[in-house]
Amino acid sequence: MIKKIEILQKLDNGESASTDAEDVLNEGNTISHSAALQSVETLLDYMGQRGFDYGDITAVRKICVDMRQEMDKEQKQRRITDFFKQ
């Protein structure tokens with residue numbers, strides 16, 4: 001609901017809100033970070049068992065780190081939003 005209000009405010013101010021609106025529309029269609037992270041960790045296990053190149057495994061691990069950082073950032077944002085809703 002807050003996101004929709006922000007989009008309307010942007011439009012009222014003459015700003016573009018197409019990216020924000022697209023994010024809201026796609027929220028129900030996107031895979032969660034935790035589900036994606038589980039898939040990547042499964043891929044890492046597979047790569048380790050199959051003897052993939054260390055550089056490839058390192059690149060996939062970097063993706064895991066990036067995903068965890070994004071999850072942490074979103075969790076902090078949710079806490080802030082929940083705080084102001086009270």
# chains A, B, ... in the order shown; residues from 1 in each chain; ligands from 1

call {"tool": "residues_around", "arguments": {"residues": "Ile57 in chain A", "least_positions_apart": "4", "cutoff": "9 Å", "atoms": "only C-alpha atoms", "output": "number ranges by chain"}}
result
A: 44, 47-48, 52-53, 61-62

call {"tool": "write_last_selection", "arguments": {"atoms": "C-alpha atoms", "output": "CSV table (one decimal), in the first residue's frame"}}
result
chain,number,residue,atom,x,y,z
A,44,LEU,CA,27.4,-25.2,-5.4
A,47,MET,CA,29.6,-28.2,-8.8
A,48,GLY,CA,31.8,-29.4,-5.9
A,52,PHE,CA,34.0,-27.8,-11.5
A,53,ASP,CA,36.8,-25.2,-11.8
A,61,ARG,CA,29.8,-18.1,-4.1
A,62,LYS,CA,30.0,-14.4,-4.9

call {"tool": "closest_residue", "arguments": {"among": "A:Ile80, A:Ile31, A:Glu74, A:Ser39", "to": "Val60 in chain A", "atoms": "only C-alpha atoms"}}
result
A:Ser39

call {"tool": "closest_residue", "arguments": {"among": "A:Cys64, A:Ile5, A:Met71, A:Ala59", "to": "Gln38 in chain A", "atoms": "only C-alpha atoms"}}
result
A:Cys64
